[in-house]
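Each remark here refers to the structure printed beneath this line.
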Amino acid sequence: MSSFLHTKYQALEAYTPGEQPRDKQYIKLNTNESPYPPSQAVLTALGEEDIRDLRLYSDPEGKALKLALARLYGMGADQVFLSNGSDDILNFAFMAFGQDGAVFPDLTYSFYPVFADLHGVPYSTVPLHEDFTVDVPGLSGTGKLTVLANPNAPTGIALPLSEVEKIIASNPDHVVVIDEAYVDFGADSAAALVDRYPNLLVVMTYSKSRSMAGARLGFALGQPELIADLEKLKFSTNPYNVNRLTLKLGIAAVASDDYFRANAQRIMATRETTTNALRQMGFSIPDSQANFLFITHPQVDGAKLYQACKDKGVLIRHFSTPALAPYNRVTIGSEEEMAAFLSVVEEILAEEGV
Ligand SMILES: *Cc1c(COP(=O)(O)O)cnc(C)c1O
């Protein structure tokens, strides 16, 4: 740290993203990326002309992509906000709506407390139930910015839409953010509630089900006034926050929505077979509605499993906080990748004498 950093940032603890190692080729099950490539329409969307046009700024309104997404989700273009990955939107949400503080579950996306600290938003957390489900009454009527990942991470558990609606309806004077990064893997989207709740912001991303994590594209759905607030912050920081190439790829992806839905179905089927196989080996796993599993084994230490997998060429995600130490989060890859992962885990259990 230099002596120049503003005192308000000196104690800030930055978010730690999952490893993106370059030392060797791993089976990479640690950052919830898709094992499948984007659709053919996305693969062929860009030509030399588009690279030439990089001399021009991107459309700061992102109008064509907003229209495409608005049509897909059955709303108006003024109900769509675009950003450089959905983390950007979460950042804006804490900046814009955190005046009275924020609240989120104690076990959830570990970026939320970082955004809160970054913007000086005081926050409290609500413990999950023993079975890792979200405490709906605990998150209701808090009079604060409320942030809920649904399905939640790293548990993979989804709340039914009727429960999500209770939280939104109970907090009419504050924004409720529903972070739907994993919604396409089997949960119900709160997008259907946007027209009824002016305080609802639904946040989605191209990074998981749409196989475009590297393109950095996220979007939010909400009533026009709420979207206008986010636009105000965006135009006060980086009006060209989504680049030309990504805007074009984003439109091509909307046109091939069926392809991405079919991939999500395939990942869900692989998730079920993987869950069953791991449970047979003695792992406990909550039922996941996401593209990852939250696993623990009564006889194998979490950190040890992580390291042994890594040594055998499979990367999974371990969290070192004491409460999470017995667990690992495992992304659902292709059928072949999961078969390889399962045989590595079998080997490790055998070595541990389980
Ligand atoms: C992956 C993820 C995001 C956002 O990722 P982006 O790549 O920035 O769109 C947001 N929330 C949760 C819970 C996630 O897991």
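Ordered as shown in the structure tokens, chains take letters A, B, and onward, while each chain numbers its residues from 1 and ligands are numbered from 1 in the order shown.
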For this session: Output the neighbourhood of ligand 1 as a PyMOL selection string, that is, all protein and nucleic acid residues with some atom at most 7 Å from the ligand, counting only C-alpha atoms and all ligand atoms.
Result: chain A and resi 85-88+109+149+152-153+179+181+205-208+213+216-218
For this session: Assign secondary structure with DSSP using the backbone only, and return the residues of stretch 40-288 of chain A in helix (DSSP H, G or I) as a ChimeraX atom specification.
Result: /A:40-43,48-55,63-73,77-79,86-97,112-118,136-139,161-169,183-185,190-193,213-215,224-234,244-255,257-280
Exercise. Counting only C-alpha atoms, what is within 7 Å of A:Leu293, bar same-chain residues fewer than 6 positions away, as a list in words?
Worked result: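 With the cut-off at 7 Å, the set is Gly156, Ile285, Arg329, Val330 and Thr331 of chain A.
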Exercise. Which residue, A:Phe104, A:Phe341, A:Tyr36, A:Tyr26, has the smallest gap to A:Ser209 when you use only C-alpha atoms?
Worked result: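 Going through A:Phe104, A:Phe341, A:Tyr36, A:Tyr26 one by one, the smallest distance to A:Ser209 is for A:Tyr36.
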Just the residues within 12 Å of A:Val176, please, counting only C-alpha atoms, with nothing from its chain fewer than 4 positions along; format it as a PDB file with all heavy atoms, in the first residue's frame.
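So selection32.pdb came out as:
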```pdb
ATOM      1  N   LEU A  90     -23.923  -5.089  -9.106  1.00  0.00           N
ATOM      2  CA  LEU A  90     -23.980  -5.211  -7.647  1.00  0.00           C
ATOM      3  C   LEU A  90     -23.239  -4.037  -7.010  1.00  0.00           C
ATOM      4  O   LEU A  90     -23.706  -3.441  -6.030  1.00  0.00           O
ATOM      5  CB  LEU A  90     -23.364  -6.549  -7.219  1.00  0.00           C
ATOM      6  CG  LEU A  90     -24.087  -7.788  -7.779  1.00  0.00           C
ATOM      7  CD1 LEU A  90     -23.261  -9.049  -7.561  1.00  0.00           C
ATOM      8  CD2 LEU A  90     -25.476  -7.941  -7.149  1.00  0.00           C
ATOM      9  N   ALA A  93     -25.431  -1.111  -7.182  1.00  0.00           N
ATOM     10  CA  ALA A  93     -26.590  -1.242  -6.286  1.00  0.00           C
ATOM     11  C   ALA A  93     -26.213  -0.824  -4.864  1.00  0.00           C
ATOM     12  O   ALA A  93     -26.964  -0.109  -4.197  1.00  0.00           O
ATOM     13  CB  ALA A  93     -27.134  -2.666  -6.317  1.00  0.00           C
ATOM     14  N   PHE A  94     -25.036  -1.257  -4.391  1.00  0.00           N
ATOM     15  CA  PHE A  94     -24.600  -0.845  -3.050  1.00  0.00           C
ATOM     16  C   PHE A  94     -24.329   0.662  -3.018  1.00  0.00           C
ATOM     17  O   PHE A  94     -24.642   1.338  -2.038  1.00  0.00           O
ATOM     18  CB  PHE A  94     -23.349  -1.627  -2.618  1.00  0.00           C
ATOM     19  CG  PHE A  94     -23.660  -2.989  -2.069  1.00  0.00           C
ATOM     20  CD1 PHE A  94     -23.754  -4.102  -2.896  1.00  0.00           C
ATOM     21  CD2 PHE A  94     -23.885  -3.165  -0.706  1.00  0.00           C
ATOM     22  CE1 PHE A  94     -24.049  -5.361  -2.396  1.00  0.00           C
ATOM     23  CE2 PHE A  94     -24.180  -4.419  -0.183  1.00  0.00           C
ATOM     24  CZ  PHE A  94     -24.265  -5.514  -1.032  1.00  0.00           C
ATOM     25  N   PHE A  97     -28.129   2.395  -3.489  1.00  0.00           N
ATOM     26  CA  PHE A  97     -29.311   2.108  -2.662  1.00  0.00           C
ATOM     27  C   PHE A  97     -28.970   1.736  -1.217  1.00  0.00           C
ATOM     28  O   PHE A  97     -29.827   1.254  -0.480  1.00  0.00           O
ATOM     29  CB  PHE A  97     -30.135   0.983  -3.313  1.00  0.00           C
ATOM     30  CG  PHE A  97     -30.466   1.233  -4.761  1.00  0.00           C
ATOM     31  CD1 PHE A  97     -30.098   0.324  -5.756  1.00  0.00           C
ATOM     32  CD2 PHE A  97     -31.138   2.396  -5.151  1.00  0.00           C
ATOM     33  CE1 PHE A  97     -30.391   0.558  -7.104  1.00  0.00           C
ATOM     34  CE2 PHE A  97     -31.436   2.632  -6.492  1.00  0.00           C
ATOM     35  CZ  PHE A  97     -31.062   1.718  -7.468  1.00  0.00           C
ATOM     36  N   GLY A  98     -27.715   1.942  -0.816  1.00  0.00           N
ATOM     37  CA  GLY A  98     -27.275   1.480   0.504  1.00  0.00           C
ATOM     38  C   GLY A  98     -27.361   2.505   1.617  1.00  0.00           C
ATOM     39  O   GLY A  98     -26.806   2.291   2.702  1.00  0.00           O
ATOM     40  N   ALA A 102     -27.324  -2.268   4.588  1.00  0.00           N
ATOM     41  CA  ALA A 102     -27.640  -3.421   3.740  1.00  0.00           C
ATOM     42  C   ALA A 102     -27.731  -4.668   4.593  1.00  0.00           C
ATOM     43  O   ALA A 102     -27.193  -4.730   5.701  1.00  0.00           O
ATOM     44  CB  ALA A 102     -26.566  -3.602   2.665  1.00  0.00           C
ATOM     45  N   VAL A 103     -28.435  -5.656   4.061  1.00  0.00           N
ATOM     46  CA  VAL A 103     -28.545  -6.944   4.753  1.00  0.00           C
ATOM     47  C   VAL A 103     -28.523  -8.069   3.720  1.00  0.00           C
ATOM     48  O   VAL A 103     -29.035  -7.906   2.607  1.00  0.00           O
ATOM     49  CB  VAL A 103     -29.829  -6.978   5.635  1.00  0.00           C
ATOM     50  CG1 VAL A 103     -31.093  -6.857   4.789  1.00  0.00           C
ATOM     51  CG2 VAL A 103     -29.875  -8.231   6.499  1.00  0.00           C
ATOM     52  N   PHE A 104     -27.867  -9.160   4.093  1.00  0.00           N
ATOM     53  CA  PHE A 104     -27.845 -10.351   3.240  1.00  0.00           C
ATOM     54  C   PHE A 104     -27.570 -11.566   4.133  1.00  0.00           C
ATOM     55  O   PHE A 104     -27.185 -11.397   5.299  1.00  0.00           O
ATOM     56  CB  PHE A 104     -26.801 -10.230   2.108  1.00  0.00           C
ATOM     57  CG  PHE A 104     -25.523  -9.521   2.481  1.00  0.00           C
ATOM     58  CD1 PHE A 104     -24.485 -10.188   3.106  1.00  0.00           C
ATOM     59  CD2 PHE A 104     -25.365  -8.162   2.211  1.00  0.00           C
ATOM     60  CE1 PHE A 104     -23.309  -9.529   3.445  1.00  0.00           C
ATOM     61  CE2 PHE A 104     -24.180  -7.485   2.561  1.00  0.00           C
ATOM     62  CZ  PHE A 104     -23.154  -8.178   3.173  1.00  0.00           C
ATOM     63  N   LEU A 139     -34.977 -12.029   6.724  1.00  0.00           N
ATOM     64  CA  LEU A 139     -34.593 -11.073   5.670  1.00  0.00           C
ATOM     65  C   LEU A 139     -35.747 -10.145   5.303  1.00  0.00           C
ATOM     66  O   LEU A 139     -35.613  -9.329   4.401  1.00  0.00           O
ATOM     67  CB  LEU A 139     -34.155 -11.827   4.410  1.00  0.00           C
ATOM     68  CG  LEU A 139     -32.726 -12.353   4.339  1.00  0.00           C
ATOM     69  CD1 LEU A 139     -32.525 -13.106   3.030  1.00  0.00           C
ATOM     70  CD2 LEU A 139     -31.695 -11.237   4.461  1.00  0.00           C
ATOM     71  N   SER A 140     -36.864 -10.303   5.983  1.00  0.00           N
ATOM     72  CA  SER A 140     -38.057  -9.529   5.617  1.00  0.00           C
ATOM     73  C   SER A 140     -38.190  -8.264   6.451  1.00  0.00           C
ATOM     74  O   SER A 140     -37.816  -8.249   7.634  1.00  0.00           O
ATOM     75  CB  SER A 140     -39.322 -10.387   5.796  1.00  0.00           C
ATOM     76  OG  SER A 140     -39.282 -11.477   4.905  1.00  0.00           O
ATOM     77  N   GLY A 141     -38.698  -7.222   5.818  1.00  0.00           N
ATOM     78  CA  GLY A 141     -39.019  -5.976   6.517  1.00  0.00           C
ATOM     79  C   GLY A 141     -37.851  -5.364   7.260  1.00  0.00           C
ATOM     80  O   GLY A 141     -38.025  -4.779   8.331  1.00  0.00           O
ATOM     81  N   THR A 142     -36.657  -5.463   6.702  1.00  0.00           N
ATOM     82  CA  THR A 142     -35.471  -4.990   7.419  1.00  0.00           C
ATOM     83  C   THR A 142     -35.280  -3.483   7.305  1.00  0.00           C
ATOM     84  O   THR A 142     -34.504  -2.903   8.065  1.00  0.00           O
ATOM     85  CB  THR A 142     -34.203  -5.669   6.867  1.00  0.00           C
ATOM     86  OG1 THR A 142     -34.133  -5.389   5.468  1.00  0.00           O
ATOM     87  CG2 THR A 142     -34.230  -7.167   7.092  1.00  0.00           C
ATOM     88  N   GLY A 143     -35.954  -2.831   6.350  1.00  0.00           N
ATOM     89  CA  GLY A 143     -35.737  -1.398   6.156  1.00  0.00           C
ATOM     90  C   GLY A 143     -34.331  -1.076   5.662  1.00  0.00           C
ATOM     91  O   GLY A 143     -33.798  -0.001   5.922  1.00  0.00           O
ATOM     92  N   LYS A 144     -33.737  -2.027   4.943  1.00  0.00           N
ATOM     93  CA  LYS A 144     -32.380  -1.830   4.389  1.00  0.00           C
ATOM     94  C   LYS A 144     -32.347  -2.380   2.966  1.00  0.00           C
ATOM     95  O   LYS A 144     -33.218  -3.176   2.583  1.00  0.00           O
ATOM     96  CB  LYS A 144     -31.354  -2.626   5.207  1.00  0.00           C
ATOM     97  CG  LYS A 144     -31.221  -2.239   6.657  1.00  0.00           C
ATOM     98  CD  LYS A 144     -30.250  -3.201   7.331  1.00  0.00           C
ATOM     99  CE  LYS A 144     -30.142  -2.891   8.818  1.00  0.00           C
ATOM    100  NZ  LYS A 144     -29.179  -3.788   9.469  1.00  0.00           N
ATOM    101  N   LEU A 145     -31.319  -1.982   2.239  1.00  0.00           N
ATOM    102  CA  LEU A 145     -31.036  -2.645   0.969  1.00  0.00           C
ATOM    103  C   LEU A 145     -30.849  -4.137   1.267  1.00  0.00           C
ATOM    104  O   LEU A 145     -30.033  -4.505   2.118  1.00  0.00           O
ATOM    105  CB  LEU A 145     -29.754  -2.071   0.353  1.00  0.00           C
ATOM    106  CG  LEU A 145     -29.151  -2.845  -0.824  1.00  0.00           C
ATOM    107  CD1 LEU A 145     -30.074  -2.805  -2.039  1.00  0.00           C
ATOM    108  CD2 LEU A 145     -27.770  -2.281  -1.180  1.00  0.00           C
ATOM    109  N   THR A 146     -31.622  -4.983   0.567  1.00  0.00           N
ATOM    110  CA  THR A 146     -31.584  -6.419   0.845  1.00  0.00           C
ATOM    111  C   THR A 146     -31.054  -7.136  -0.396  1.00  0.00           C
ATOM    112  O   THR A 146     -31.543  -6.876  -1.504  1.00  0.00           O
ATOM    113  CB  THR A 146     -32.993  -6.919   1.209  1.00  0.00           C
ATOM    114  OG1 THR A 146     -33.470  -6.134   2.301  1.00  0.00           O
ATOM    115  CG2 THR A 146     -32.988  -8.380   1.600  1.00  0.00           C
ATOM    116  N   VAL A 147     -30.051  -7.985  -0.199  1.00  0.00           N
ATOM    117  CA  VAL A 147     -29.436  -8.645  -1.348  1.00  0.00           C
ATOM    118  C   VAL A 147     -29.509 -10.156  -1.151  1.00  0.00           C
ATOM    119  O   VAL A 147     -29.043 -10.690  -0.146  1.00  0.00           O
ATOM    120  CB  VAL A 147     -27.964  -8.200  -1.527  1.00  0.00           C
ATOM    121  CG1 VAL A 147     -27.362  -8.819  -2.786  1.00  0.00           C
ATOM    122  CG2 VAL A 147     -27.868  -6.675  -1.582  1.00  0.00           C
ATOM    123  N   LEU A 148     -30.116 -10.819  -2.120  1.00  0.00           N
ATOM    124  CA  LEU A 148     -30.318 -12.264  -2.026  1.00  0.00           C
ATOM    125  C   LEU A 148     -29.876 -12.923  -3.327  1.00  0.00           C
ATOM    126  O   LEU A 148     -30.396 -12.589  -4.398  1.00  0.00           O
ATOM    127  CB  LEU A 148     -31.804 -12.562  -1.778  1.00  0.00           C
ATOM    128  CG  LEU A 148     -32.185 -14.043  -1.761  1.00  0.00           C
ATOM    129  CD1 LEU A 148     -31.588 -14.756  -0.553  1.00  0.00           C
ATOM    130  CD2 LEU A 148     -33.698 -14.204  -1.782  1.00  0.00           C
ATOM    131  N   ALA A 149     -28.919 -13.823  -3.234  1.00  0.00           N
ATOM    132  CA  ALA A 149     -28.556 -14.638  -4.396  1.00  0.00           C
ATOM    133  C   ALA A 149     -29.536 -15.802  -4.434  1.00  0.00           C
ATOM    134  O   ALA A 149     -29.667 -16.543  -3.468  1.00  0.00           O
ATOM    135  CB  ALA A 149     -27.125 -15.147  -4.280  1.00  0.00           C
ATOM    136  N   VAL A 164     -39.446 -15.669  -2.177  1.00  0.00           N
ATOM    137  CA  VAL A 164     -38.699 -14.485  -2.636  1.00  0.00           C
ATOM    138  C   VAL A 164     -39.635 -13.280  -2.640  1.00  0.00           C
ATOM    139  O   VAL A 164     -39.276 -12.181  -2.201  1.00  0.00           O
ATOM    140  CB  VAL A 164     -38.126 -14.730  -4.057  1.00  0.00           C
ATOM    141  CG1 VAL A 164     -37.504 -13.457  -4.622  1.00  0.00           C
ATOM    142  CG2 VAL A 164     -37.097 -15.858  -4.031  1.00  0.00           C
ATOM    143  N   GLU A 165     -40.848 -13.496  -3.105  1.00  0.00           N
ATOM    144  CA  GLU A 165     -41.821 -12.400  -3.187  1.00  0.00           C
ATOM    145  C   GLU A 165     -42.139 -11.837  -1.806  1.00  0.00           C
ATOM    146  O   GLU A 165     -42.320 -10.624  -1.648  1.00  0.00           O
ATOM    147  CB  GLU A 165     -43.099 -12.863  -3.894  1.00  0.00           C
ATOM    148  CG  GLU A 165     -44.097 -11.720  -4.054  1.00  0.00           C
ATOM    149  CD  GLU A 165     -45.245 -12.035  -4.999  1.00  0.00           C
ATOM    150  OE1 GLU A 165     -45.351 -13.193  -5.468  1.00  0.00           O
ATOM    151  OE2 GLU A 165     -46.042 -11.103  -5.272  1.00  0.00           O
ATOM    152  N   LYS A 166     -42.183 -12.710  -0.793  1.00  0.00           N
ATOM    153  CA  LYS A 166     -42.451 -12.224   0.573  1.00  0.00           C
ATOM    154  C   LYS A 166     -41.397 -11.206   0.994  1.00  0.00           C
ATOM    155  O   LYS A 166     -41.710 -10.188   1.622  1.00  0.00           O
ATOM    156  CB  LYS A 166     -42.441 -13.389   1.577  1.00  0.00           C
ATOM    157  CG  LYS A 166     -43.680 -14.250   1.544  1.00  0.00           C
ATOM    158  CD  LYS A 166     -43.567 -15.353   2.601  1.00  0.00           C
ATOM    159  CE  LYS A 166     -44.633 -16.432   2.376  1.00  0.00           C
ATOM    160  NZ  LYS A 166     -44.332 -17.666   3.120  1.00  0.00           N
ATOM    161  N   ILE A 167     -40.142 -11.501   0.680  1.00  0.00           N
ATOM    162  CA  ILE A 167     -39.047 -10.588   1.053  1.00  0.00           C
ATOM    163  C   ILE A 167     -39.204  -9.252   0.324  1.00  0.00           C
ATOM    164  O   ILE A 167     -39.070  -8.181   0.927  1.00  0.00           O
ATOM    165  CB  ILE A 167     -37.671 -11.243   0.745  1.00  0.00           C
ATOM    166  CG1 ILE A 167     -37.477 -12.487   1.620  1.00  0.00           C
ATOM    167  CG2 ILE A 167     -36.534 -10.244   0.940  1.00  0.00           C
ATOM    168  CD1 ILE A 167     -36.273 -13.339   1.241  1.00  0.00           C
ATOM    169  N   ILE A 168     -39.509  -9.321  -0.955  1.00  0.00           N
ATOM    170  CA  ILE A 168     -39.651  -8.097  -1.760  1.00  0.00           C
ATOM    171  C   ILE A 168     -40.831  -7.267  -1.250  1.00  0.00           C
ATOM    172  O   ILE A 168     -40.721  -6.050  -1.050  1.00  0.00           O
ATOM    173  CB  ILE A 168     -39.871  -8.457  -3.254  1.00  0.00           C
ATOM    174  CG1 ILE A 168     -38.699  -9.286  -3.779  1.00  0.00           C
ATOM    175  CG2 ILE A 168     -40.069  -7.190  -4.089  1.00  0.00           C
ATOM    176  CD1 ILE A 168     -39.011 -10.025  -5.070  1.00  0.00           C
ATOM    177  N   ALA A 169     -41.959  -7.949  -1.007  1.00  0.00           N
ATOM    178  CA  ALA A 169     -43.185  -7.244  -0.598  1.00  0.00           C
ATOM    179  C   ALA A 169     -43.056  -6.642   0.802  1.00  0.00           C
ATOM    180  O   ALA A 169     -43.713  -5.644   1.117  1.00  0.00           O
ATOM    181  CB  ALA A 169     -44.374  -8.207  -0.654  1.00  0.00           C
ATOM    182  N   SER A 170     -42.190  -7.230   1.627  1.00  0.00           N
ATOM    183  CA  SER A 170     -42.089  -6.788   3.026  1.00  0.00           C
ATOM    184  C   SER A 170     -41.225  -5.545   3.194  1.00  0.00           C
ATOM    185  O   SER A 170     -41.100  -5.021   4.289  1.00  0.00           O
ATOM    186  CB  SER A 170     -41.458  -7.907   3.868  1.00  0.00           C
ATOM    187  OG  SER A 170     -40.071  -8.003   3.581  1.00  0.00           O
ATOM    188  N   ASN A 171     -40.598  -5.113   2.114  1.00  0.00           N
ATOM    189  CA  ASN A 171     -39.565  -4.073   2.230  1.00  0.00           C
ATOM    190  C   ASN A 171     -39.790  -2.969   1.192  1.00  0.00           C
ATOM    191  O   ASN A 171     -38.864  -2.606   0.462  1.00  0.00           O
ATOM    192  CB  ASN A 171     -38.204  -4.756   2.020  1.00  0.00           C
ATOM    193  CG  ASN A 171     -37.057  -4.038   2.703  1.00  0.00           C
ATOM    194  OD1 ASN A 171     -37.261  -3.246   3.627  1.00  0.00           O
ATOM    195  ND2 ASN A 171     -35.862  -4.281   2.233  1.00  0.00           N
ATOM    196  N   PRO A 172     -41.030  -2.419   1.130  1.00  0.00           N
ATOM    197  CA  PRO A 172     -41.395  -1.569  -0.016  1.00  0.00           C
ATOM    198  C   PRO A 172     -40.597  -0.269  -0.117  1.00  0.00           C
ATOM    199  O   PRO A 172     -40.513   0.302  -1.194  1.00  0.00           O
ATOM    200  CB  PRO A 172     -42.879  -1.264   0.229  1.00  0.00           C
ATOM    201  CG  PRO A 172     -43.084  -1.466   1.691  1.00  0.00           C
ATOM    202  CD  PRO A 172     -42.130  -2.562   2.080  1.00  0.00           C
ATOM    203  N   ALA A 190     -37.347 -14.063 -10.604  1.00  0.00           N
ATOM    204  CA  ALA A 190     -38.167 -12.960 -10.094  1.00  0.00           C
ATOM    205  C   ALA A 190     -38.449 -11.921 -11.180  1.00  0.00           C
ATOM    206  O   ALA A 190     -39.145 -10.933 -10.919  1.00  0.00           O
ATOM    207  CB  ALA A 190     -37.489 -12.312  -8.891  1.00  0.00           C
ATOM    208  N   LEU A 193     -41.859 -10.696 -11.510  1.00  0.00           N
ATOM    209  CA  LEU A 193     -42.436  -9.816 -10.480  1.00  0.00           C
ATOM    210  C   LEU A 193     -42.099  -8.337 -10.695  1.00  0.00           C
ATOM    211  O   LEU A 193     -42.579  -7.480  -9.946  1.00  0.00           O
ATOM    212  CB  LEU A 193     -41.929 -10.232  -9.089  1.00  0.00           C
ATOM    213  CG  LEU A 193     -42.178 -11.682  -8.671  1.00  0.00           C
ATOM    214  CD1 LEU A 193     -41.522 -11.945  -7.310  1.00  0.00           C
ATOM    215  CD2 LEU A 193     -43.678 -11.987  -8.615  1.00  0.00           C
ATOM    216  N   VAL A 194     -41.262  -8.067 -11.681  1.00  0.00           N
ATOM    217  CA  VAL A 194     -40.744  -6.701 -11.854  1.00  0.00           C
ATOM    218  C   VAL A 194     -41.871  -5.674 -12.002  1.00  0.00           C
ATOM    219  O   VAL A 194     -41.813  -4.588 -11.424  1.00  0.00           O
ATOM    220  CB  VAL A 194     -39.771  -6.650 -13.065  1.00  0.00           C
ATOM    221  CG1 VAL A 194     -39.611  -5.239 -13.597  1.00  0.00           C
ATOM    222  CG2 VAL A 194     -38.413  -7.220 -12.655  1.00  0.00           C
ATOM    223  N   TYR A 197     -43.425  -4.686  -8.477  1.00  0.00           N
ATOM    224  CA  TYR A 197     -42.639  -4.162  -7.349  1.00  0.00           C
ATOM    225  C   TYR A 197     -41.602  -3.138  -7.813  1.00  0.00           C
ATOM    226  O   TYR A 197     -40.553  -3.505  -8.366  1.00  0.00           O
ATOM    227  CB  TYR A 197     -41.952  -5.317  -6.610  1.00  0.00           C
ATOM    228  CG  TYR A 197     -42.938  -6.256  -5.973  1.00  0.00           C
ATOM    229  CD1 TYR A 197     -43.289  -7.451  -6.586  1.00  0.00           C
ATOM    230  CD2 TYR A 197     -43.555  -5.927  -4.765  1.00  0.00           C
ATOM    231  CE1 TYR A 197     -44.225  -8.316  -6.015  1.00  0.00           C
ATOM    232  CE2 TYR A 197     -44.483  -6.787  -4.183  1.00  0.00           C
ATOM    233  CZ  TYR A 197     -44.809  -7.972  -4.811  1.00  0.00           C
ATOM    234  OH  TYR A 197     -45.727  -8.826  -4.247  1.00  0.00           O
ATOM    235  N   PRO A 198     -41.861  -1.857  -7.516  1.00  0.00           N
ATOM    236  CA  PRO A 198     -40.904  -0.817  -7.930  1.00  0.00           C
ATOM    237  C   PRO A 198     -39.558  -0.926  -7.206  1.00  0.00           C
ATOM    238  O   PRO A 198     -38.584  -0.312  -7.631  1.00  0.00           O
ATOM    239  CB  PRO A 198     -41.597   0.508  -7.573  1.00  0.00           C
ATOM    240  CG  PRO A 198     -42.840   0.166  -6.852  1.00  0.00           C
ATOM    241  CD  PRO A 198     -43.058  -1.312  -6.866  1.00  0.00           C
ATOM    242  N   ASN A 199     -39.498  -1.695  -6.118  1.00  0.00           N
ATOM    243  CA  ASN A 199     -38.247  -1.827  -5.347  1.00  0.00           C
ATOM    244  C   ASN A 199     -37.423  -3.060  -5.742  1.00  0.00           C
ATOM    245  O   ASN A 199     -36.429  -3.361  -5.098  1.00  0.00           O
ATOM    246  CB  ASN A 199     -38.556  -1.903  -3.835  1.00  0.00           C
ATOM    247  CG  ASN A 199     -39.381  -3.141  -3.472  1.00  0.00           C
ATOM    248  OD1 ASN A 199     -40.225  -3.584  -4.256  1.00  0.00           O
ATOM    249  ND2 ASN A 199     -39.140  -3.704  -2.299  1.00  0.00           N
ATOM    250  N   LEU A 200     -37.859  -3.760  -6.789  1.00  0.00           N
ATOM    251  CA  LEU A 200     -37.180  -5.020  -7.161  1.00  0.00           C
ATOM    252  C   LEU A 200     -36.163  -4.808  -8.280  1.00  0.00           C
ATOM    253  O   LEU A 200     -36.496  -4.244  -9.331  1.00  0.00           O
ATOM    254  CB  LEU A 200     -38.233  -6.053  -7.608  1.00  0.00           C
ATOM    255  CG  LEU A 200     -37.702  -7.329  -8.278  1.00  0.00           C
ATOM    256  CD1 LEU A 200     -36.773  -8.112  -7.352  1.00  0.00           C
ATOM    257  CD2 LEU A 200     -38.870  -8.208  -8.745  1.00  0.00           C
ATOM    258  N   LEU A 201     -34.951  -5.273  -8.052  1.00  0.00           N
ATOM    259  CA  LEU A 201     -33.926  -5.293  -9.099  1.00  0.00           C
ATOM    260  C   LEU A 201     -33.443  -6.732  -9.262  1.00  0.00           C
ATOM    261  O   LEU A 201     -32.926  -7.339  -8.315  1.00  0.00           O
ATOM    262  CB  LEU A 201     -32.752  -4.390  -8.702  1.00  0.00           C
ATOM    263  CG  LEU A 201     -31.731  -4.148  -9.821  1.00  0.00           C
ATOM    264  CD1 LEU A 201     -32.320  -3.256 -10.914  1.00  0.00           C
ATOM    265  CD2 LEU A 201     -30.452  -3.538  -9.266  1.00  0.00           C
ATOM    266  N   VAL A 202     -33.639  -7.268 -10.462  1.00  0.00           N
ATOM    267  CA  VAL A 202     -33.212  -8.637 -10.758  1.00  0.00           C
ATOM    268  C   VAL A 202     -31.907  -8.557 -11.558  1.00  0.00           C
ATOM    269  O   VAL A 202     -31.855  -7.891 -12.593  1.00  0.00           O
ATOM    270  CB  VAL A 202     -34.290  -9.386 -11.568  1.00  0.00           C
ATOM    271  CG1 VAL A 202     -33.835 -10.817 -11.859  1.00  0.00           C
ATOM    272  CG2 VAL A 202     -35.616  -9.391 -10.821  1.00  0.00           C
ATOM    273  N   VAL A 203     -30.869  -9.226 -11.054  1.00  0.00           N
ATOM    274  CA  VAL A 203     -29.542  -9.130 -11.673  1.00  0.00           C
ATOM    275  C   VAL A 203     -29.181 -10.470 -12.320  1.00  0.00           C
ATOM    276  O   VAL A 203     -29.291 -11.523 -11.686  1.00  0.00           O
ATOM    277  CB  VAL A 203     -28.490  -8.738 -10.617  1.00  0.00           C
ATOM    278  CG1 VAL A 203     -27.092  -8.701 -11.225  1.00  0.00           C
ATOM    279  CG2 VAL A 203     -28.842  -7.387  -9.996  1.00  0.00           C
ATOM    280  N   GLY A 222     -35.663  -4.154 -14.027  1.00  0.00           N
ATOM    281  CA  GLY A 222     -36.379  -3.449 -12.967  1.00  0.00           C
ATOM    282  C   GLY A 222     -37.299  -2.414 -13.590  1.00  0.00           C
ATOM    283  O   GLY A 222     -37.336  -2.255 -14.818  1.00  0.00           O
ATOM    284  N   LEU A 226     -35.893   2.808 -11.395  1.00  0.00           N
ATOM    285  CA  LEU A 226     -34.749   2.145 -10.760  1.00  0.00           C
ATOM    286  C   LEU A 226     -33.591   1.999 -11.763  1.00  0.00           C
ATOM    287  O   LEU A 226     -32.413   2.221 -11.425  1.00  0.00           O
ATOM    288  CB  LEU A 226     -35.214   0.760 -10.268  1.00  0.00           C
ATOM    289  CG  LEU A 226     -34.572   0.144  -9.044  1.00  0.00           C
ATOM    290  CD1 LEU A 226     -34.574   1.083  -7.860  1.00  0.00           C
ATOM    291  CD2 LEU A 226     -35.298  -1.161  -8.687  1.00  0.00           C
TER     292      LEU A 226
END
```
Exercise. Hey, what does DSSP flag as strand (DSSP E or B) within stretch 44-261 of chain A? Can you give it to me as a PyMOL selection string?
Worked result: chain A and resi 80-83+102-105+123-126+145-149+176-179+200-205+218-221
Problem set entry | 6 Å contact set for stretch 65-67 of chain A, only C-alpha atoms, chain neighbours under 4 positions out, as a ChimeraX atom specification | /A:77,80,251
Dump as a PDB file, in the first residue's frame, selection limited to N, CA and C atoms:
```pdb
ATOM      1  N   ALA A  77     -37.460  -1.743 -23.113  1.00  0.00           N
ATOM      2  CA  ALA A  77     -36.012  -1.519 -23.144  1.00  0.00           C
ATOM      3  C   ALA A  77     -35.580  -0.614 -21.995  1.00  0.00           C
ATOM      4  N   VAL A  80     -34.187  -2.364 -18.723  1.00  0.00           N
ATOM      5  CA  VAL A  80     -32.983  -3.185 -18.808  1.00  0.00           C
ATOM      6  C   VAL A  80     -31.751  -2.298 -18.608  1.00  0.00           C
ATOM      7  N   ILE A 251     -26.128  -9.879 -28.371  1.00  0.00           N
ATOM      8  CA  ILE A 251     -27.335  -9.953 -29.205  1.00  0.00           C
ATOM      9  C   ILE A 251     -27.422 -11.324 -29.883  1.00  0.00           C
TER      10      ILE A 251
END
```
